[in-house]
Each structure stands twice: as structure tokens, then as C-alpha cells.
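Shown next: target-v2.txt, containing compact mmCIF, C-alpha atoms.
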# COMPACT_ATOMS: atom_id res chain seq x y z
CA MET A 1 -1.79 -2.93 16.17
CA PRO A 2 -3.65 -1.96 12.99
CA SER A 3 -7.09 -0.45 13.40
CA PRO A 4 -10.21 -2.51 12.66
CA ALA A 5 -11.00 -0.15 9.76
CA TYR A 6 -7.58 -0.79 8.21
CA GLN A 7 -7.93 -4.54 8.72
CA ALA A 8 -11.34 -4.41 7.00
CA SER A 9 -10.01 -2.37 4.06
CA LEU A 10 -6.78 -4.23 3.33
CA PRO A 11 -8.37 -7.39 1.86
CA PHE A 12 -10.26 -5.28 -0.71
CA VAL A 13 -7.07 -3.58 -1.86
CA LEU A 14 -5.07 -6.81 -1.93
CA ARG A 15 -7.76 -8.55 -3.99
CA TRP A 16 -6.95 -6.17 -6.85
CA GLU A 17 -3.19 -6.04 -6.37
CA GLY A 18 -2.60 -9.70 -7.19
CA GLY A 19 0.49 -11.80 -6.76
CA TYR A 20 3.99 -11.70 -8.17
CA VAL A 21 4.57 -10.07 -11.57
CA ASP A 22 7.66 -8.98 -13.46
CA HIS A 23 6.32 -7.73 -16.76
CA PRO A 24 8.80 -5.83 -18.97
CA SER A 25 6.26 -3.11 -19.82
CA ASP A 26 5.36 -2.46 -16.17
CA PRO A 27 7.31 0.60 -14.98
CA GLY A 28 7.16 -0.69 -11.40
CA GLY A 29 9.27 -3.71 -12.27
CA ARG A 30 9.14 -6.70 -9.95
CA THR A 31 6.00 -6.45 -7.83
CA ASN A 32 4.30 -8.77 -5.37
CA LYS A 33 0.90 -8.07 -3.79
CA GLY A 34 1.20 -4.53 -5.13
CA VAL A 35 4.55 -3.86 -3.42
CA THR A 36 7.37 -3.01 -5.83
CA GLN A 37 10.90 -4.23 -5.30
CA GLY A 38 12.01 -0.63 -4.67
CA VAL A 39 9.40 -0.01 -1.98
CA TYR A 40 10.25 -3.34 -0.36
CA ASP A 41 13.98 -2.59 -0.40
CA ARG A 42 13.44 0.82 1.24
CA TRP A 43 11.09 -0.62 3.88
CA ARG A 44 13.55 -3.39 4.78
CA ALA A 45 16.44 -0.90 4.98
CA GLN A 46 14.40 1.35 7.30
CA HIS A 47 13.93 -1.65 9.59
CA GLY A 48 17.57 -2.70 9.55
CA LEU A 49 16.92 -5.72 7.36
CA PRO A 50 18.95 -6.83 4.34
CA PRO A 51 17.47 -6.61 0.84
CA ARG A 52 15.42 -9.59 -0.25
CA HIS A 53 13.56 -10.50 -3.43
CA VAL A 54 10.01 -9.13 -3.34
CA LYS A 55 8.76 -12.57 -4.37
CA LEU A 56 9.57 -13.63 -0.78
CA ILE A 57 7.65 -10.81 0.95
CA GLU A 58 5.75 -11.99 4.02
CA ASP A 59 2.11 -11.13 4.72
CA ALA A 60 3.08 -9.22 7.88
CA GLU A 61 5.47 -7.08 5.82
CA VAL A 62 2.77 -6.40 3.23
CA GLU A 63 0.38 -5.35 5.99
CA ALA A 64 2.96 -3.04 7.57
CA ILE A 65 3.98 -1.46 4.25
CA TYR A 66 0.40 -0.69 3.26
CA GLU A 67 -0.47 0.67 6.71
CA THR A 68 2.58 2.93 7.09
CA GLY A 69 2.84 3.91 3.44
CA TYR A 70 -0.73 4.24 2.21
CA TRP A 71 -3.21 4.15 5.13
CA LEU A 72 -1.71 6.48 7.72
CA PRO A 73 -0.12 9.21 5.52
CA PRO A 74 -3.41 10.25 3.83
CA ARG A 75 -5.13 10.02 7.24
CA CYS A 76 -7.53 7.24 6.32
CA ASP A 77 -7.72 6.53 10.06
CA LEU A 78 -9.69 9.78 10.52
CA LEU A 79 -12.24 9.20 7.76
CA HIS A 80 -15.68 7.60 7.92
CA ARG A 81 -16.09 3.99 6.82
CA GLN A 82 -16.19 3.50 3.09
CA LEU A 83 -14.55 6.87 2.49
CA ASP A 84 -11.48 5.51 4.28
CA LEU A 85 -11.39 2.59 1.85
CA VAL A 86 -11.74 4.87 -1.19
CA GLN A 87 -8.94 7.11 0.09
CA PHE A 88 -6.72 4.11 0.86
CA ASP A 89 -7.27 2.48 -2.53
CA THR A 90 -6.64 5.79 -4.31
CA ALA A 91 -3.40 6.29 -2.36
CA VAL A 92 -2.23 2.80 -3.34
CA ASN A 93 -3.02 3.28 -7.02
CA MET A 94 -2.29 6.97 -7.57
CA GLY A 95 -0.03 7.98 -4.71
CA VAL A 96 -0.73 9.58 -1.36
CA GLY A 97 -0.41 13.17 -2.59
CA ARG A 98 -2.85 12.72 -5.44
CA ALA A 99 -5.33 10.88 -3.18
CA VAL A 100 -5.27 13.77 -0.72
CA ARG A 101 -5.74 16.35 -3.50
CA PHE A 102 -8.68 14.39 -4.95
CA LEU A 103 -10.39 14.22 -1.57
CA GLN A 104 -9.78 17.91 -0.89
CA ALA A 105 -11.26 18.82 -4.28
CA ALA A 106 -14.30 16.63 -3.63
CA VAL A 107 -15.24 18.15 -0.27

Structure re-expressed in C-alpha cells:
Amino acid sequence: MPSPAYQASLPFVLRWEGGYVDHPSDPGGRTNKGVTQGVYDRWRAQHGLPPRHVKLIEDAEVEAIYETGYWLPPRCDLLHRQLDLVQFDTAVNMGVGRAVRFLQAAV
């Protein structure tokens, strides 16, 4: 079960990620709620599920992808409130590695 801190942070991130887009100039391609088709395909494959259009992604899948891909890897679960949200949002927008490097440089 996701932590209360994660559950409190996810709505903030999702507010900025928006809904379905497939803009030709977006290098991420088809994206829904901030999850690209490629990320969704890999996540479904890891869970033994067939590929499916990202437009059909379920809220529970979005929650699981963000938790396992962007909350836990940069160790947001170990950070104080508010800093955990900043780290999480940075990981979503700039990648986990860059988020970790930014935090290390700041402290």
C-alpha cells in the first residue's frame, strides 16, 4: 500500500501532468497523465500484461507507475514532507538520476 506521503504528493504531480496528448513535436510521443506509451508498455510487460494504448491507462496503473518509477527510486519515502514532493516532482520531470544529483548538490 502506498505511503500517506506518496498519496499526498501524487495529486500535485498529476495536476501538472494533464491528460492524453499526442503532439508531433513532443519527443515522448503518446502520453497520458504524464506516462508515455513506452513507459506504459514496459510496465505492462513487467507485470505479464499485453500492450495497450496509453489512452486507456487506469488510475491504479498510473499510481503504481509513479510510485515504483519516480517515488521509490530517488528515496522520496525517506525525505521530510515537502522535500519529498520536490524530489518526486523533479524525478518525474527530469529523471530519477538528475533529481538525486540535484538534491545531493543542494545538501

Report task. Excluding A:Leu78 and residues on its chain fewer than 6 positions from it, collect all residues at most 12 Å away from it, counting all atoms listed in the file, and give them as a ChimeraX atom specification. Result -> /A:3,5-6,71-72,84-85,87-88

Query raised in the report: What's the 9 Å shell around stretch 58-65 of chain A, counting all atoms listed in the file, without same-chain residues fewer than 2 positions away, as number ranges by chain?
Result: A: 2, 7, 10, 33-35, 39-40, 43-44, 54-56, 67-70

Requested in this report: Work out how far atom CA of A:Leu79 is from atom CA of A:Met1, in Å to one decimal.
Outcome: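 Separation between atom CA of A:Met1 and atom CA of A:Leu79: 18.1 Å.
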
Query raised in the report: Between atom CA of A:Gln104 and atom CA of A:Gly28, what is the distance, to one decimal in Å?
Result: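 Those two atoms sit 27.3 Å apart.
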
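Of the listed residues (A:His53, A:Arg15, A:His47, A:His80), A:His53 comes nearest to A:Thr31; the distances count only C-alpha atoms.
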
Query raised in the report: Do you have the atom CA of A:Trp16-atom CA of A:Gly38 distance handy?
Result: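 Atom-to-atom, atom CA of A:Trp16 and atom CA of A:Gly38 are spaced 19.9 Å apart.
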
Query raised in the report: Smallest atom-to-atom distance to A:Ala8: which of A:Thr90, A:His23, A:Arg81, A:Arg101, using all atoms listed in the file?
Result: A:Arg81
